[in-house]
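Colleague: Enclosed is the structure file data.txt (compact mmCIF, N, CA and C atoms).
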# COMPACT_ATOMS: atom_id res chain seq x y z
N ILE A 1 83.04 16.73 -141.98
CA ILE A 1 84.09 17.74 -141.99
C ILE A 1 83.92 18.54 -143.27
N SER A 2 83.95 19.84 -143.13
CA SER A 2 83.80 20.72 -144.27
C SER A 2 85.03 21.62 -144.36
N THR A 3 85.54 21.79 -145.57
CA THR A 3 86.69 22.67 -145.75
C THR A 3 86.32 23.81 -146.68
N PHE A 4 86.96 24.92 -146.46
CA PHE A 4 86.74 26.10 -147.29
C PHE A 4 88.10 26.60 -147.75
N ARG A 5 88.13 27.21 -148.90
CA ARG A 5 89.38 27.70 -149.46
C ARG A 5 89.19 29.14 -149.92
N ALA A 6 90.18 29.96 -149.63
CA ALA A 6 90.18 31.33 -150.13
C ALA A 6 91.54 31.58 -150.77
N ASP A 7 91.54 32.05 -151.99
CA ASP A 7 92.78 32.40 -152.68
C ASP A 7 92.85 33.92 -152.77
N VAL A 8 93.98 34.45 -152.37
CA VAL A 8 94.18 35.89 -152.40
C VAL A 8 95.44 36.16 -153.21
N ASP A 9 95.34 37.02 -154.19
CA ASP A 9 96.49 37.39 -155.01
C ASP A 9 96.84 38.84 -154.71
N VAL A 10 98.07 39.07 -154.27
CA VAL A 10 98.53 40.42 -153.95
C VAL A 10 99.69 40.73 -154.87
N SER A 11 99.57 41.80 -155.62
CA SER A 11 100.62 42.23 -156.53
C SER A 11 100.99 43.67 -156.22
N THR A 12 102.25 43.98 -156.37
CA THR A 12 102.71 45.35 -156.15
C THR A 12 103.74 45.71 -157.20
N CYS A 13 104.00 46.97 -157.30
CA CYS A 13 105.05 47.48 -158.17
C CYS A 13 106.00 48.32 -157.32
N GLY A 14 107.23 48.39 -157.77
CA GLY A 14 108.18 49.25 -157.08
C GLY A 14 108.75 48.60 -155.84
N GLU A 15 109.02 49.43 -154.85
CA GLU A 15 109.73 48.98 -153.65
C GLU A 15 108.85 48.29 -152.62
N ILE A 16 107.56 48.32 -152.79
CA ILE A 16 106.66 47.71 -151.82
C ILE A 16 106.50 46.23 -152.16
N SER A 17 106.83 45.37 -151.22
CA SER A 17 106.73 43.92 -151.43
C SER A 17 105.37 43.42 -150.97
N PRO A 18 104.75 42.51 -151.74
CA PRO A 18 103.49 41.91 -151.28
C PRO A 18 103.66 41.14 -149.97
N LEU A 19 104.89 40.74 -149.66
CA LEU A 19 105.14 40.02 -148.42
C LEU A 19 104.82 40.85 -147.18
N LYS A 20 104.84 42.17 -147.35
CA LYS A 20 104.52 43.05 -146.22
C LYS A 20 103.04 42.96 -145.83
N ALA A 21 102.21 42.38 -146.70
CA ALA A 21 100.79 42.23 -146.41
C ALA A 21 100.48 40.92 -145.68
N LEU A 22 101.48 40.05 -145.51
CA LEU A 22 101.23 38.74 -144.91
C LEU A 22 100.62 38.81 -143.52
N ASN A 23 101.18 39.61 -142.65
CA ASN A 23 100.67 39.70 -141.28
C ASN A 23 99.19 40.09 -141.29
N TYR A 24 98.84 41.08 -142.08
CA TYR A 24 97.44 41.51 -142.17
C TYR A 24 96.55 40.39 -142.70
N LEU A 25 96.99 39.72 -143.76
CA LEU A 25 96.18 38.67 -144.36
C LEU A 25 96.00 37.47 -143.42
N ILE A 26 97.08 37.08 -142.75
CA ILE A 26 97.00 35.95 -141.82
C ILE A 26 96.02 36.25 -140.69
N HIS A 27 96.04 37.48 -140.19
CA HIS A 27 95.11 37.85 -139.11
C HIS A 27 93.68 38.02 -139.62
N SER A 28 93.52 38.28 -140.91
CA SER A 28 92.18 38.49 -141.46
C SER A 28 91.42 37.18 -141.63
N PHE A 29 92.15 36.10 -141.82
CA PHE A 29 91.55 34.78 -142.00
C PHE A 29 92.00 33.90 -140.85
N ASP A 30 91.07 33.38 -140.10
CA ASP A 30 91.38 32.47 -138.99
C ASP A 30 91.59 31.10 -139.62
N THR A 31 92.82 30.82 -140.07
CA THR A 31 93.04 29.67 -140.94
C THR A 31 93.80 28.53 -140.26
N ASP A 32 93.51 27.33 -140.71
CA ASP A 32 94.18 26.13 -140.21
C ASP A 32 95.36 25.76 -141.09
N ILE A 33 95.17 25.89 -142.38
CA ILE A 33 96.19 25.54 -143.38
C ILE A 33 96.40 26.75 -144.27
N MET A 34 97.67 27.12 -144.45
CA MET A 34 98.00 28.21 -145.37
C MET A 34 99.03 27.69 -146.36
N THR A 35 98.83 28.02 -147.59
CA THR A 35 99.84 27.79 -148.61
C THR A 35 100.17 29.16 -149.18
N ILE A 36 101.39 29.58 -148.98
CA ILE A 36 101.79 30.93 -149.38
C ILE A 36 102.82 30.80 -150.49
N ASP A 37 102.53 31.41 -151.62
CA ASP A 37 103.45 31.42 -152.76
C ASP A 37 103.90 32.85 -153.01
N TYR A 38 105.19 32.99 -153.25
CA TYR A 38 105.74 34.29 -153.62
C TYR A 38 106.54 34.08 -154.88
N ARG A 39 106.12 34.71 -155.94
CA ARG A 39 106.76 34.57 -157.24
C ARG A 39 107.16 35.96 -157.70
N VAL A 40 108.45 36.13 -157.95
CA VAL A 40 108.92 37.41 -158.46
C VAL A 40 108.62 37.44 -159.95
N ARG A 41 107.84 38.43 -160.35
CA ARG A 41 107.48 38.58 -161.76
C ARG A 41 108.00 39.92 -162.25
N GLY A 42 108.41 39.95 -163.45
CA GLY A 42 108.91 41.20 -164.01
C GLY A 42 110.28 41.53 -163.45
N PHE A 43 110.66 42.77 -163.57
CA PHE A 43 111.98 43.18 -163.11
C PHE A 43 111.97 44.65 -162.77
N THR A 44 113.02 45.07 -162.13
CA THR A 44 113.27 46.48 -161.88
C THR A 44 114.69 46.75 -162.37
N ARG A 45 115.16 47.95 -162.23
CA ARG A 45 116.53 48.27 -162.69
C ARG A 45 117.30 48.92 -161.56
N ASP A 46 118.60 48.65 -161.54
CA ASP A 46 119.44 49.31 -160.55
C ASP A 46 119.78 50.71 -161.05
N ILE A 47 120.58 51.47 -160.31
CA ILE A 47 120.88 52.85 -160.68
C ILE A 47 121.71 52.95 -161.95
N HIS A 48 122.28 51.82 -162.40
CA HIS A 48 123.07 51.81 -163.65
C HIS A 48 122.25 51.30 -164.83
N GLY A 49 120.98 51.01 -164.59
CA GLY A 49 120.10 50.56 -165.67
C GLY A 49 120.09 49.06 -165.91
N HIS A 50 120.82 48.29 -165.11
CA HIS A 50 120.82 46.83 -165.27
C HIS A 50 119.54 46.23 -164.69
N LYS A 51 119.00 45.24 -165.40
CA LYS A 51 117.79 44.57 -164.94
C LYS A 51 118.07 43.76 -163.68
N LEU A 52 117.17 43.88 -162.72
CA LEU A 52 117.19 43.06 -161.51
C LEU A 52 115.87 42.31 -161.44
N PHE A 53 115.95 40.99 -161.42
CA PHE A 53 114.71 40.22 -161.32
C PHE A 53 114.29 40.02 -159.88
N ILE A 54 115.17 40.31 -158.96
CA ILE A 54 114.82 40.34 -157.55
C ILE A 54 115.73 41.38 -156.90
N ASP A 55 115.13 42.32 -156.22
CA ASP A 55 115.91 43.45 -155.70
C ASP A 55 116.00 43.44 -154.17
N HIS A 56 115.71 42.28 -153.57
CA HIS A 56 115.84 42.16 -152.12
C HIS A 56 116.23 40.73 -151.77
N ASP A 57 116.87 40.57 -150.63
CA ASP A 57 117.27 39.25 -150.18
C ASP A 57 116.07 38.51 -149.61
N ILE A 58 115.92 37.26 -150.01
CA ILE A 58 114.88 36.41 -149.44
C ILE A 58 115.37 34.97 -149.52
N SER A 59 115.24 34.26 -148.43
CA SER A 59 115.56 32.83 -148.43
C SER A 59 114.32 32.02 -148.07
N SER A 60 113.32 32.66 -147.44
CA SER A 60 112.11 31.97 -147.04
C SER A 60 111.00 32.99 -146.78
N ILE A 61 109.81 32.63 -147.14
CA ILE A 61 108.64 33.46 -146.80
C ILE A 61 108.51 33.56 -145.29
N GLN A 62 108.96 32.52 -144.58
CA GLN A 62 108.85 32.51 -143.12
C GLN A 62 109.54 33.72 -142.49
N ASN A 63 110.54 34.26 -143.15
CA ASN A 63 111.24 35.44 -142.62
C ASN A 63 110.33 36.67 -142.57
N TYR A 64 109.20 36.61 -143.25
CA TYR A 64 108.27 37.74 -143.30
C TYR A 64 107.03 37.50 -142.43
N ILE A 65 107.01 36.37 -141.74
CA ILE A 65 105.89 36.03 -140.86
C ILE A 65 106.32 36.30 -139.42
N PRO A 66 105.53 37.04 -138.66
CA PRO A 66 105.90 37.34 -137.27
C PRO A 66 106.09 36.05 -136.45
N ASP A 67 107.02 36.10 -135.50
CA ASP A 67 107.34 34.94 -134.66
C ASP A 67 106.11 34.40 -133.94
N GLN A 68 105.24 35.27 -133.49
CA GLN A 68 104.02 34.84 -132.79
C GLN A 68 103.18 33.93 -133.69
N ILE A 69 103.06 34.28 -134.95
CA ILE A 69 102.30 33.46 -135.90
C ILE A 69 103.05 32.17 -136.19
N LYS A 70 104.37 32.27 -136.43
CA LYS A 70 105.16 31.07 -136.73
C LYS A 70 105.08 30.04 -135.62
N SER A 71 105.00 30.48 -134.38
CA SER A 71 104.95 29.54 -133.25
C SER A 71 103.64 28.74 -133.23
N MET A 72 102.62 29.21 -133.93
CA MET A 72 101.32 28.54 -133.95
C MET A 72 101.22 27.47 -135.03
N TYR A 73 102.18 27.45 -135.96
CA TYR A 73 102.08 26.58 -137.13
C TYR A 73 103.31 25.70 -137.30
N ASP A 74 103.09 24.50 -137.86
CA ASP A 74 104.18 23.71 -138.43
C ASP A 74 104.34 24.25 -139.84
N MET A 75 105.60 24.45 -140.27
CA MET A 75 105.84 25.06 -141.59
C MET A 75 106.87 24.28 -142.38
N ILE A 76 106.65 24.23 -143.68
CA ILE A 76 107.57 23.59 -144.63
C ILE A 76 107.80 24.56 -145.78
N ASP A 77 109.06 24.73 -146.17
CA ASP A 77 109.40 25.54 -147.35
C ASP A 77 109.71 24.62 -148.52
N VAL A 78 109.23 25.01 -149.69
CA VAL A 78 109.60 24.37 -150.94
C VAL A 78 109.93 25.52 -151.88
N ASN A 79 111.23 25.82 -152.03
CA ASN A 79 111.65 26.98 -152.80
C ASN A 79 112.45 26.56 -154.03
N VAL A 80 112.34 27.35 -155.08
CA VAL A 80 113.16 27.18 -156.28
C VAL A 80 113.89 28.51 -156.44
N TYR A 81 115.05 28.59 -155.78
CA TYR A 81 115.77 29.87 -155.69
C TYR A 81 116.16 30.42 -157.06
N GLN A 82 116.65 29.55 -157.95
CA GLN A 82 117.11 30.04 -159.25
C GLN A 82 115.98 30.62 -160.10
N GLU A 83 114.74 30.27 -159.76
CA GLU A 83 113.57 30.81 -160.48
C GLU A 83 112.85 31.89 -159.69
N ASN A 84 113.39 32.25 -158.51
CA ASN A 84 112.75 33.25 -157.64
C ASN A 84 111.32 32.86 -157.28
N ILE A 85 111.14 31.57 -156.97
CA ILE A 85 109.85 31.05 -156.54
C ILE A 85 109.99 30.56 -155.10
N PHE A 86 109.11 31.04 -154.24
CA PHE A 86 109.15 30.69 -152.83
C PHE A 86 107.77 30.18 -152.42
N HIS A 87 107.75 29.10 -151.67
CA HIS A 87 106.51 28.42 -151.33
C HIS A 87 106.61 27.95 -149.88
N THR A 88 105.67 28.34 -149.06
CA THR A 88 105.64 27.92 -147.67
C THR A 88 104.26 27.37 -147.35
N LYS A 89 104.24 26.18 -146.75
CA LYS A 89 102.99 25.58 -146.31
C LYS A 89 102.96 25.62 -144.78
N CYS A 90 101.80 25.96 -144.22
CA CYS A 90 101.65 26.12 -142.78
C CYS A 90 100.43 25.34 -142.31
N LYS A 91 100.58 24.59 -141.20
CA LYS A 91 99.48 23.83 -140.62
C LYS A 91 99.39 24.17 -139.14
N LEU A 92 98.22 24.57 -138.69
CA LEU A 92 97.98 24.93 -137.30
C LEU A 92 98.36 23.76 -136.39
N LYS A 93 99.15 24.05 -135.34
CA LYS A 93 99.59 23.00 -134.42
C LYS A 93 98.47 22.54 -133.49
N GLN A 94 97.74 23.46 -132.92
CA GLN A 94 96.68 23.13 -131.98
C GLN A 94 95.41 23.88 -132.37
N PHE A 95 94.28 23.24 -132.14
CA PHE A 95 93.02 23.89 -132.47
C PHE A 95 91.98 23.57 -131.41
N ASP A 96 90.98 24.42 -131.35
CA ASP A 96 89.86 24.24 -130.43
C ASP A 96 88.73 23.56 -131.19
N LEU A 97 88.41 22.36 -130.78
CA LEU A 97 87.38 21.57 -131.47
C LEU A 97 86.05 22.32 -131.57
N ASN A 98 85.75 23.16 -130.60
CA ASN A 98 84.49 23.91 -130.64
C ASN A 98 84.37 24.80 -131.88
N ASN A 99 85.49 25.19 -132.47
CA ASN A 99 85.46 26.02 -133.67
C ASN A 99 85.00 25.24 -134.90
N TYR A 100 84.89 23.91 -134.79
CA TYR A 100 84.55 23.07 -135.94
C TYR A 100 83.20 22.39 -135.80
N LEU A 101 82.56 22.57 -134.69
CA LEU A 101 81.27 21.93 -134.44
C LEU A 101 80.16 22.94 -134.69
N PHE A 102 79.26 22.61 -135.59
CA PHE A 102 78.18 23.52 -135.94
C PHE A 102 76.94 23.14 -135.15
N GLY A 103 76.50 24.02 -134.27
CA GLY A 103 75.32 23.77 -133.46
C GLY A 103 75.60 22.91 -132.24
N TYR A 104 76.86 22.57 -131.99
CA TYR A 104 77.25 21.76 -130.84
C TYR A 104 78.46 22.38 -130.18
N THR A 105 78.73 21.93 -128.99
CA THR A 105 80.02 22.17 -128.35
C THR A 105 80.56 20.81 -127.96
N LYS A 106 81.86 20.72 -127.75
CA LYS A 106 82.45 19.40 -127.49
C LYS A 106 81.93 18.76 -126.21
N ASP A 107 81.43 19.55 -125.26
CA ASP A 107 80.89 18.96 -124.04
C ASP A 107 79.55 18.26 -124.27
N LYS A 108 78.94 18.44 -125.45
CA LYS A 108 77.68 17.76 -125.77
C LYS A 108 77.91 16.49 -126.59
N LEU A 109 79.17 16.18 -126.87
CA LEU A 109 79.47 14.98 -127.64
C LEU A 109 79.44 13.76 -126.74
N GLY A 110 79.11 12.63 -127.36
CA GLY A 110 79.08 11.38 -126.62
C GLY A 110 80.48 10.86 -126.36
N PRO A 111 80.57 9.78 -125.57
CA PRO A 111 81.88 9.19 -125.25
C PRO A 111 82.63 8.79 -126.53
N GLY A 112 83.85 9.20 -126.62
CA GLY A 112 84.69 8.85 -127.77
C GLY A 112 84.49 9.73 -128.99
N GLU A 113 83.39 10.46 -129.06
CA GLU A 113 83.12 11.30 -130.23
C GLU A 113 84.14 12.43 -130.37
N GLU A 114 84.51 13.04 -129.24
CA GLU A 114 85.47 14.15 -129.29
C GLU A 114 86.79 13.67 -129.90
N GLN A 115 87.29 12.53 -129.43
CA GLN A 115 88.55 12.01 -129.95
C GLN A 115 88.42 11.62 -131.42
N GLU A 116 87.31 10.99 -131.80
CA GLU A 116 87.10 10.57 -133.18
C GLU A 116 87.07 11.77 -134.13
N ILE A 117 86.32 12.80 -133.75
CA ILE A 117 86.22 14.00 -134.59
C ILE A 117 87.57 14.72 -134.65
N THR A 118 88.28 14.79 -133.52
CA THR A 118 89.60 15.42 -133.49
C THR A 118 90.55 14.70 -134.43
N GLU A 119 90.55 13.38 -134.41
CA GLU A 119 91.42 12.60 -135.30
C GLU A 119 91.04 12.82 -136.76
N GLN A 120 89.74 12.90 -137.06
CA GLN A 120 89.30 13.17 -138.43
C GLN A 120 89.78 14.53 -138.90
N LEU A 121 89.68 15.53 -138.02
CA LEU A 121 90.15 16.87 -138.37
C LEU A 121 91.65 16.88 -138.61
N LYS A 122 92.40 16.21 -137.74
CA LYS A 122 93.86 16.15 -137.92
C LYS A 122 94.21 15.50 -139.25
N MET A 123 93.50 14.41 -139.59
CA MET A 123 93.79 13.73 -140.85
C MET A 123 93.45 14.64 -142.04
N GLU A 124 92.34 15.32 -141.96
CA GLU A 124 91.95 16.25 -143.04
C GLU A 124 93.02 17.33 -143.22
N MET A 125 93.49 17.89 -142.11
CA MET A 125 94.52 18.93 -142.17
C MET A 125 95.82 18.36 -142.74
N ASP A 126 96.20 17.15 -142.33
CA ASP A 126 97.42 16.52 -142.85
C ASP A 126 97.30 16.29 -144.35
N GLU A 127 96.14 15.84 -144.81
CA GLU A 127 95.96 15.59 -146.24
C GLU A 127 96.12 16.87 -147.05
N ILE A 128 95.56 17.95 -146.55
CA ILE A 128 95.70 19.23 -147.26
C ILE A 128 97.14 19.70 -147.19
N PHE A 129 97.76 19.61 -146.03
CA PHE A 129 99.13 20.08 -145.81
C PHE A 129 100.14 19.31 -146.67
N TYR A 130 100.03 17.99 -146.68
CA TYR A 130 100.97 17.16 -147.43
C TYR A 130 100.55 16.94 -148.88
N GLY A 131 99.31 17.31 -149.22
CA GLY A 131 98.84 17.20 -150.60
C GLY A 131 98.64 15.77 -151.06
N LYS A 132 98.20 14.89 -150.14
CA LYS A 132 97.93 13.50 -150.52
C LYS A 132 96.98 12.88 -149.52
N ASN A 133 96.33 11.79 -149.97
CA ASN A 133 95.46 11.05 -149.07
C ASN A 133 96.33 10.34 -148.04
N MET A 134 95.88 10.36 -146.80
CA MET A 134 96.63 9.75 -145.71
C MET A 134 95.90 8.50 -145.24
N SER A 135 96.67 7.50 -144.84
CA SER A 135 96.06 6.32 -144.24
C SER A 135 95.80 6.62 -142.77
N VAL A 136 94.88 5.91 -142.17
CA VAL A 136 94.48 6.18 -140.79
C VAL A 136 95.67 6.11 -139.83
N GLY A 137 96.59 5.18 -140.03
CA GLY A 137 97.73 5.03 -139.14
C GLY A 137 98.80 6.09 -139.29
N SER A 138 98.67 6.95 -140.29
CA SER A 138 99.72 7.94 -140.56
C SER A 138 99.40 9.33 -140.02
N ILE A 139 98.32 9.48 -139.29
CA ILE A 139 97.91 10.79 -138.79
C ILE A 139 99.04 11.40 -137.97
N GLY A 140 99.41 12.62 -138.36
CA GLY A 140 100.42 13.37 -137.64
C GLY A 140 101.84 12.88 -137.87
N GLN A 141 102.02 11.85 -138.73
CA GLN A 141 103.35 11.31 -138.96
C GLN A 141 103.78 11.44 -140.41
N GLY A 142 102.99 12.07 -141.26
CA GLY A 142 103.29 12.06 -142.68
C GLY A 142 102.72 10.77 -143.26
N SER A 143 102.79 10.62 -144.55
CA SER A 143 102.20 9.46 -145.20
C SER A 143 103.09 8.24 -145.08
N LYS A 144 102.46 7.09 -144.91
CA LYS A 144 103.18 5.82 -144.90
C LYS A 144 102.89 5.05 -146.17
N GLU A 145 102.28 5.70 -147.15
CA GLU A 145 101.91 5.02 -148.40
C GLU A 145 103.12 4.82 -149.27
Could you express the structure from this file as structure tokens?
Modeller:
Amino acid sequence: ISTFRADVDVSTCGEISPLKALNYLIHSFDTDIMTIDYRVRGFTRDIHGHKLFIDHDISSIQNYIPDQIKSMYDMIDVNVYQENIFHTKCKLKQFDLNNYLFGYTKDKLGPGEEQEITEQLKMEMDEIFYGKNMSVGSIGQGSKE
């Protein structure tokens, strides 16, 4: 099993939110696991000159992800509202094993190989999603450690 990681940093100034780029970015990368962080940096001012460290309502990054995309992923939010830090982790619910086999298709696998490789992929995705090593019996259930 091989994993690849791409980090993309999107910054904007003014009224344009980097969250508006999410749909484009998600469609640009055919991804299994996404970790999306939104951190409000700097400030703007209201019409009276008062500093605003966040000038729009947000309770979750998920509110900026189209429903079609959300239905494809299991998602967890870890937010620190008082610090204007928002964090959403996403794990693909279903995948096509053929997308992970290099030089093979699943119909060329021997008996039991398809299930074994599928379970290995699920465990790998769970480990990345939950940020910890998983025991074999905990696949798809969270860690039992």
Colleague: Between atom CA of A:Gly131 and atom CA of A:Arg39, what is the distance in Å, rounded to a tenth?
Modeller: 20.2 Å
Colleague: With all atoms listed in the file as the counted atoms, please give the residues lying no more than 6.5 Å from stretch 56-69 of chain A, apart from itself and same-chain residues fewer than 5 positions off, as a list in words.
Modeller: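 After dropping sequence-adjacent residues, the list is Leu19, Leu22, Asn23, Phe86, His87 and Thr88 of chain A.
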Colleague: Determine the nearest neighbour of A:Gln94 from the options A:Gly112, A:Met72, A:Thr35, A:Ile117, counting only N, CA and C atoms.
Modeller: A:Met72
Colleague: Which one of A:Ala6, A:Ile26, A:Cys13, A:Val80 sits closest to A:Tyr38 if you count only C-alpha atoms?
Modeller: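 Comparing A:Ala6, A:Ile26, A:Cys13, A:Val80 against A:Tyr38, the winner is A:Val80.
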Colleague: Could you work out how far atom CA of A:Cys90 lies from atom N of A:Asp74, giving the answer in Å with one decimal?
Modeller: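 Straight-line distance from atom N of A:Asp74 to atom CA of A:Cys90 works out to 5.4 Å.
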Colleague: Go through A:Leu25, A:Leu97, A:Val40, A:Ile47 one by one, measure the shortest atom-to-atom distance of each to A:Ile85 using all atoms listed in the file, and give the residue with the smallest value.
Modeller: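 Ranking A:Leu25, A:Leu97, A:Val40, A:Ile47 by distance to A:Ile85, first place goes to A:Val40.
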Colleague: Atom CA of A:Ser71 and atom C of A:Thr118 are how many Å apart?
Modeller: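 Value for the atom CA of A:Ser71-atom C of A:Thr118 distance: 20.7 Å.
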Colleague: Enumerate the residues of stretch 66-100 of chain A with a DSSP assignment of strand (DSSP E or B), computed from the backbone, and present them as a list in words.
Modeller: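 Result set for stretch 66-100 of chain A (strand (DSSP E or B)): Tyr73, Asp74, Met75, Ile76, Asp77, Val80, Ile85, Phe86, His87, Thr88, Lys89, Cys90, Lys91 and Leu92 of chain A.
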Colleague: Which parts of stretch 5-94 of chain A does DSSP call helix (DSSP H, G or I) when run on the backbone here, written out as a list in words?
Modeller: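 Output for stretch 5-94 of chain A, helix (DSSP H, G or I) only: Pro18, Leu19, Lys20, Ala21, Leu22, Asn23, Tyr24, Leu25, Ile26, His27, Ser28, Ile61, Gln62, Asn63, Tyr64, Asp67, Gln68, Ile69, Lys70, Tyr81, Gln82 and Glu83 of chain A.
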